[in-house]
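I have placed the structure first, in the form of structure tokens, so that the comments after it can refer back to it.
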Amino acid sequence: MIIRLTNTIGAIGRRLGIVTKNLQMWLGFYKSDVIGKELVVNGDFSDGEADWVFGSNWSVVDKEAVVSGLGNNEEIYQSNNMISGNLYEITLDVSNFSIGTGSCYVTNSNYSDFLTITNNGSYVYRYIATNNTLFIRRKSNATFNIDNISVKEVTQFVKDKSSNSNDAKLFTGKALICNGNDYVDFGSDINNDGTIWTCSLWLSNYVSTSTSFIIGDDTRRNIGLNNGSGNVFYRSEDNTYNTFNYTDYNTDVVEARRLVFSSNGTTISLYVNGDLIDTITPSSTNLKVSRLMAGYNTTSFMTNGTASDFQIYNAAWDSDDALFDYNNPNHLVTDNPNTTLTLSNLSAYYALSEGSGSFAYNSATPLGSEVVVNGDFDGVVDGTDVSTLTNWYVNGTPTSTDVVNEEMVIVAAAIGDGARYNLSTTVGLTYHLTFNASGDLGASGVNIQSLGDVSTLGGVGRKTFTALSTTTKVYFRAGNNEIGTTNYDNISAKEVSSGTITGATYDDQQPTIPQLGLMDWAKSTIGSDEVTLIQAPNNKGYDILGNSLRLRERGFNLDGSGYAEVSDDNSIDMISQFTISLWLKPYVTYDSSMSTYTGVVSKASTGDSYAVSFTNSGVINIGTTGGNIQSTKNSWSADTWVNIVATYRAVNGVYSGEMYIDNSLEVLSNDSYDAMIGSVDPLLVGKGGSANFKGIIDEVLLYDRALTSKEVSTNYKTSLNAHKVGSAFSTEFSSEFGF
């Protein structure tokens, strides 16, 4: 009886689990790792010389590669999946090294980027690949043993939960490109000339110059990458260039590196990618921070590179903080349960992930106090002339500026007619204005008199506008061809902490740096710019402007620019039959005004593809070589989870396909079938067709067979609870995420 009960419980567990038979890829998008899959085959030589090409005097002895005798340039090598231009980490063990002038080189087929080894030990080396071949060669009669060779790509990956290693490389990071004459101006010292502080920054695509500053202002308190002699430095107020023992930036560096400078008031430590590099003791540790990517001045000595995720703390990080920060780029170091730091130590947080616009927002500082009096016109009697209210004035000669139903109603007779409000603001600071517009025309010509220009915000609805104040006036007035009646309500203006971007531009689809796809964020239209803002640490669930976040709900949270890529592998080249299953939560509905195809999952080359996409008629399209199937359903609710499963199978050379939507077999509007052909192209998630997906993608499953309807139902029921109303939660640290 006990055995029977145990077997019954086991059977229930199997029924409730994801079907794993012939499962080739399973992307859950819970969290990312900075190291990819193993690219070296038989790196421990447990299979002898298999998969390696052995030169003379090399052999395998006791499961180690051994070079013996006399010789020069003999080598072993293997070609793998390294891609030119990508960053890789190589590790290996060296033993029984001979005493002498010889050495071991780890290199590639053009023999550049050498790692030179002259003694026993375990080695770790990172380099940008120029080809796909790894060589181990000896020089000048050296003899030694090599073991445990490993090569893995360094970036952000989501691990494949199937028995394969079809990990997804993420391309949803955003960064700010500075070309050597661009910078972010914070307007004032955001470090309060502190002596105890930590500054952290992701930097990539660095172009070396004789002297380059990345943090500081026009005083003698700056941090730079090259002091003219190749050293990273801190320049103290006595004009001394205090140098760290780190000279990598005396040449160009493509790799994205996490740079951390931490001062305890006496010493300053430099960490790179979580590792302590050097500690210096300058005469003082005072640091002013008024600019990023520029320090000493804004006409010379500026940094040419790509910046992301700039943070300042009023406390010193220790080595554990620096390592946690590097290994968890989508989280603040204060998320580490073992740190002594708190959010009160976070002085400034510029994610540099906006994606457009001329402002970089400081998510650590909340909006200031309200500077508009009675912006909702509460209690104002109908028919009251706006100009009789506190701080309001008539602009031009409008027909009327009345308050009706607690809204300001402007009837404009000519361009420029409207009302003006005198704000209790400070010239030179940045303010965020919001209001509601309705009526015949909506809002036109709303401006915090920025540079004397009128910024036009057309249309009805909730409007937002951010500007550097050069006067203390804001106008609500008619623009060109905008004569008529407009209602305004809920007007608000608050100071926002931000930096002004001078010259620099945004670049999306960045690997390695913090990935928006694994974060909660808000998408906002500010004036004519659409920006992506991350969570304000001191206002959970909202961005710095008070907008509600789109929670990623353990899924892949895409804003229409990023995607994930899975390297091509035989296991995801489907022949004749397959099943693809995934959960989707679109942020938009689909109509004829949109791109023809919005890609969700694709694997395509000329005449060879399989893909899941939305068409601009709203149907789900599953495409293959020579044919596709399409759903009858073409109406989708935004912000609602839906499960899509497509199967293909061949029986006696006849192909058929099925589509399931939320566990129901769909009646197809198109059913053109054809065989699947393997493709050498990578698999893309969130990309394909003429547009990228906006919304959440989760639990992407790929099988090399067609699942039965019962198996489809099993998978659906297993994952339903995490994908229904009320299931949303953000990516806080928990045991589920491995912390």
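Ordering of the structure tokens sets the chain letters (A, B, ...); residue numbers start at 1 within each chain; ligands are numbered from 1 in the order shown.
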**Study point:** Contact residues around Asn328 in chain A with only C-alpha atoms at 10 Å, ignoring same-chain residues under 6 positions, as a PyMOL selection string
**Key:** chain A and resi 31-34+156+335-336+514
Check your understanding: For Asp217 in chain A, which residue out of A:Ser162, A:Met302, A:Asp167, A:Val124 is the nearest one, using only C-alpha atoms?
Key ->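 Result for the nearest residue to Asp217 in chain A: A:Met302.
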**Study point:** Ile177 in chain A surroundings by only C-alpha atoms, 6 Å radius, close-in-sequence under 2 positions cut, as number ranges by chain
**Key:** A: 306, 504-506
Practice item. Could you find all residues in range 45-80 of chain A that DSSP calls strand (DSSP E or B) from the backbone, and write them as an NGL selection string? Key: :A and (53-54 or 58-61 or 64-67 or 75-79)
Hey, could you make a per-residue contact list for range 145-220 of chain A against range 355-366 of chain A with 12 Å as the cut-off, showing the nearest pair of atoms and its distance in Å to one decimal, counting only C-alpha atoms, sorted by chain and number, as CSV?
residue,atom,partner,partner_atom,distance
A:Thr172,CA,A:Gly355,CA,11.1
A:Gly173,CA,A:Gly355,CA,9.9
A:Lys174,CA,A:Gly355,CA,6.6
A:Ala175,CA,A:Gly355,CA,7.7
A:Leu176,CA,A:Gly355,CA,8.3
A:Ile177,CA,A:Gly355,CA,10.9
A:Asp182,CA,A:Ser358,CA,11.9
A:Tyr183,CA,A:Ala360,CA,10.7
A:Val184,CA,A:Ala360,CA,7.5
A:Asp185,CA,A:Ala360,CA,9.1
A:Phe186,CA,A:Ala360,CA,8.8
A:Gly187,CA,A:Phe359,CA,11.6
A:Ile190,CA,A:Asn362,CA,10.2
As a PDB file with C-alpha atoms, in the first residue's frame, please: every residue in range 201-439 of chain A that DSSP puts in helix (DSSP H, G or I).
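states.pdb, freshly written:
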ATOM      1  CA  ASP A 248      45.072  48.814 -19.672  1.00  0.00           C
ATOM      2  CA  TYR A 249      43.638  52.124 -20.866  1.00  0.00           C
ATOM      3  CA  ASN A 250      46.844  53.219 -22.559  1.00  0.00           C
ATOM      4  CA  SER A 319      35.609  43.809  -1.947  1.00  0.00           C
ATOM      5  CA  ASP A 320      32.390  41.831  -1.382  1.00  0.00           C
ATOM      6  CA  ASP A 321      30.312  44.829  -2.482  1.00  0.00           C
ATOM      7  CA  ALA A 322      32.367  45.263  -5.640  1.00  0.00           C
ATOM      8  CA  LEU A 323      32.093  41.580  -6.532  1.00  0.00           C
ATOM      9  CA  PHE A 324      28.340  41.482  -5.887  1.00  0.00           C
ATOM     10  CA  ASP A 325      27.865  44.610  -8.007  1.00  0.00           C
ATOM     11  CA  TYR A 326      29.691  43.028 -10.948  1.00  0.00           C
ATOM     12  CA  ASN A 327      27.969  39.649 -10.734  1.00  0.00           C
ATOM     13  CA  VAL A 333      24.672  46.585  -4.316  1.00  0.00           C
ATOM     14  CA  THR A 334      22.226  47.346  -1.484  1.00  0.00           C
ATOM     15  CA  ASP A 335      20.244  44.281  -2.614  1.00  0.00           C
ATOM     16  CA  LEU A 343      19.743  53.109   0.238  1.00  0.00           C
ATOM     17  CA  SER A 344      20.535  56.150   2.380  1.00  0.00           C
ATOM     18  CA  ASN A 345      24.136  55.752   1.167  1.00  0.00           C
ATOM     19  CA  VAL A 386      -8.175  82.444 -14.822  1.00  0.00           C
ATOM     20  CA  SER A 387      -6.253  85.725 -14.627  1.00  0.00           C
ATOM     21  CA  THR A 388      -7.903  86.432 -11.247  1.00  0.00           C
TER      22      THR A 388
END
Check your understanding: Which residues, written as a ChimeraX atom specification, have at least one atom at most 8 Å from range 554-569 of chain A, with only C-alpha atoms counted and residues fewer than 4 positions away on the same chain left out?
Key -> /A:28-30,166-173,508-509,516-520,523,532,573,679-687,691-699,729-731
Check your understanding: Which residue gives the smallest distance to Trp197 in chain A among A:Asp318, A:Asp378, A:Glu711, A:Asp278, with only C-alpha atoms counted?
Key ->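 Smallest separation from Trp197 in chain A among the options: A:Asp318.
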Point to revise | Nearest candidate to Leu533 in chain A (options A:Leu259, A:Asn57, A:Thr118, A:Tyr350; using only C-alpha atoms) | key: A:Tyr350
Check your understanding: So what do you get for CA of Thr647 in chain A versus CA of Ser690 in chain A, distance-wise?
Key ->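 Rounded to one decimal, the two atoms are 23.8 Å apart.
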Selection: 10 Å around Asn132 in chain A, only C-alpha atoms, excl. self and same-chain fewer than 5 positions, as a compact mmCIF listing (two decimals) with all heavy atoms, in the first residue's frame:
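Below is the file that was written, result13.txt:
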# COMPACT_ATOMS: atom_id res chain seq x y z
N GLN A 78 42.22 23.67 -31.12
CA GLN A 78 40.91 23.26 -31.59
C GLN A 78 40.11 24.50 -31.96
O GLN A 78 40.26 25.56 -31.34
CB GLN A 78 40.15 22.41 -30.58
CG GLN A 78 39.63 23.11 -29.37
CD GLN A 78 38.70 22.22 -28.54
OE1 GLN A 78 37.53 22.53 -28.41
NE2 GLN A 78 39.22 21.13 -27.98
N SER A 79 39.28 24.37 -32.96
CA SER A 79 38.37 25.44 -33.36
C SER A 79 37.05 25.24 -32.61
O SER A 79 36.58 24.11 -32.45
CB SER A 79 38.13 25.42 -34.87
OG SER A 79 39.33 25.65 -35.57
N ASN A 80 36.49 26.34 -32.15
CA ASN A 80 35.24 26.26 -31.39
C ASN A 80 34.30 27.36 -31.85
O ASN A 80 34.43 27.86 -32.97
CB ASN A 80 35.53 26.34 -29.89
CG ASN A 80 36.51 27.46 -29.58
OD1 ASN A 80 36.32 28.58 -30.05
ND2 ASN A 80 37.56 27.17 -28.82
N ASN A 81 33.39 27.76 -31.00
CA ASN A 81 32.37 28.71 -31.41
C ASN A 81 32.67 30.14 -31.03
O ASN A 81 31.77 30.98 -30.95
CB ASN A 81 31.02 28.30 -30.79
CG ASN A 81 30.49 27.02 -31.38
OD1 ASN A 81 30.62 26.79 -32.57
ND2 ASN A 81 29.92 26.17 -30.54
N MET A 82 33.93 30.46 -30.80
CA MET A 82 34.28 31.86 -30.54
C MET A 82 33.99 32.71 -31.77
O MET A 82 34.18 32.27 -32.90
CB MET A 82 35.75 31.98 -30.15
CG MET A 82 36.07 31.48 -28.75
SD MET A 82 37.74 31.89 -28.21
CE MET A 82 38.73 30.93 -29.35
N ILE A 83 33.54 33.93 -31.52
CA ILE A 83 33.16 34.85 -32.60
C ILE A 83 34.06 36.07 -32.51
O ILE A 83 34.23 36.67 -31.44
CB ILE A 83 31.69 35.26 -32.49
CG1 ILE A 83 30.79 34.02 -32.63
CG2 ILE A 83 31.32 36.30 -33.54
CD1 ILE A 83 29.33 34.30 -32.37
N SER A 84 34.62 36.46 -33.63
CA SER A 84 35.51 37.62 -33.67
C SER A 84 34.79 38.86 -33.13
O SER A 84 33.67 39.15 -33.51
CB SER A 84 35.98 37.86 -35.10
OG SER A 84 36.83 38.98 -35.17
N ASN A 108 45.61 32.71 -30.49
CA ASN A 108 44.68 32.30 -31.55
C ASN A 108 45.44 32.14 -32.85
O ASN A 108 46.66 32.21 -32.87
CB ASN A 108 43.54 33.32 -31.68
CG ASN A 108 44.07 34.74 -31.80
OD1 ASN A 108 44.99 35.00 -32.57
ND2 ASN A 108 43.50 35.66 -31.05
N SER A 109 44.74 31.93 -33.93
CA SER A 109 45.40 31.50 -35.15
C SER A 109 46.28 32.56 -35.80
O SER A 109 47.12 32.23 -36.63
CB SER A 109 44.37 31.00 -36.17
OG SER A 109 43.48 32.03 -36.53
Exercise for review: Write out as a ChimeraX atom specification each polymer residue whose atoms come within 6 Å of Val40 in chain A, counting only C-alpha atoms; drop sequence neighbours fewer than 2 positions from it.
Suggested key: /A:38,43,150-151
Exercise for review: Could you give me, as a list in words, the residues within 6 Å of range 299-301 of chain A, counting only C-alpha atoms and dropping anything in the same chain fewer than 5 positions from it?
Suggested key: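 After dropping sequence-adjacent residues, the list is Thr211, Ser212 and Phe213 of chain A.
Here CA of Val154 in chain A is placed at a distance of 11.2 Å from CA of Tyr125 in chain A.
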Point to revise | Nearest to Arg138 in chain A by atom-to-atom distance, counting only C-alpha atoms, from A:Asn179, A:Ser200, A:Ser369, A:Ser68 | key: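 Using only C-alpha atoms, the shortest distance to Arg138 in chain A belongs to A:Ser68.
Closest approach to Val254 in chain A among A:Tyr475, A:Tyr206, A:Tyr660, A:Tyr234 is made by A:Tyr206 (distances from only C-alpha atoms).
Among the candidates A:Trp26, A:Tyr127, A:Phe578, A:Trp583, the residue lying nearest to Ala256 in chain A is A:Tyr127 (atoms considered: only C-alpha atoms).
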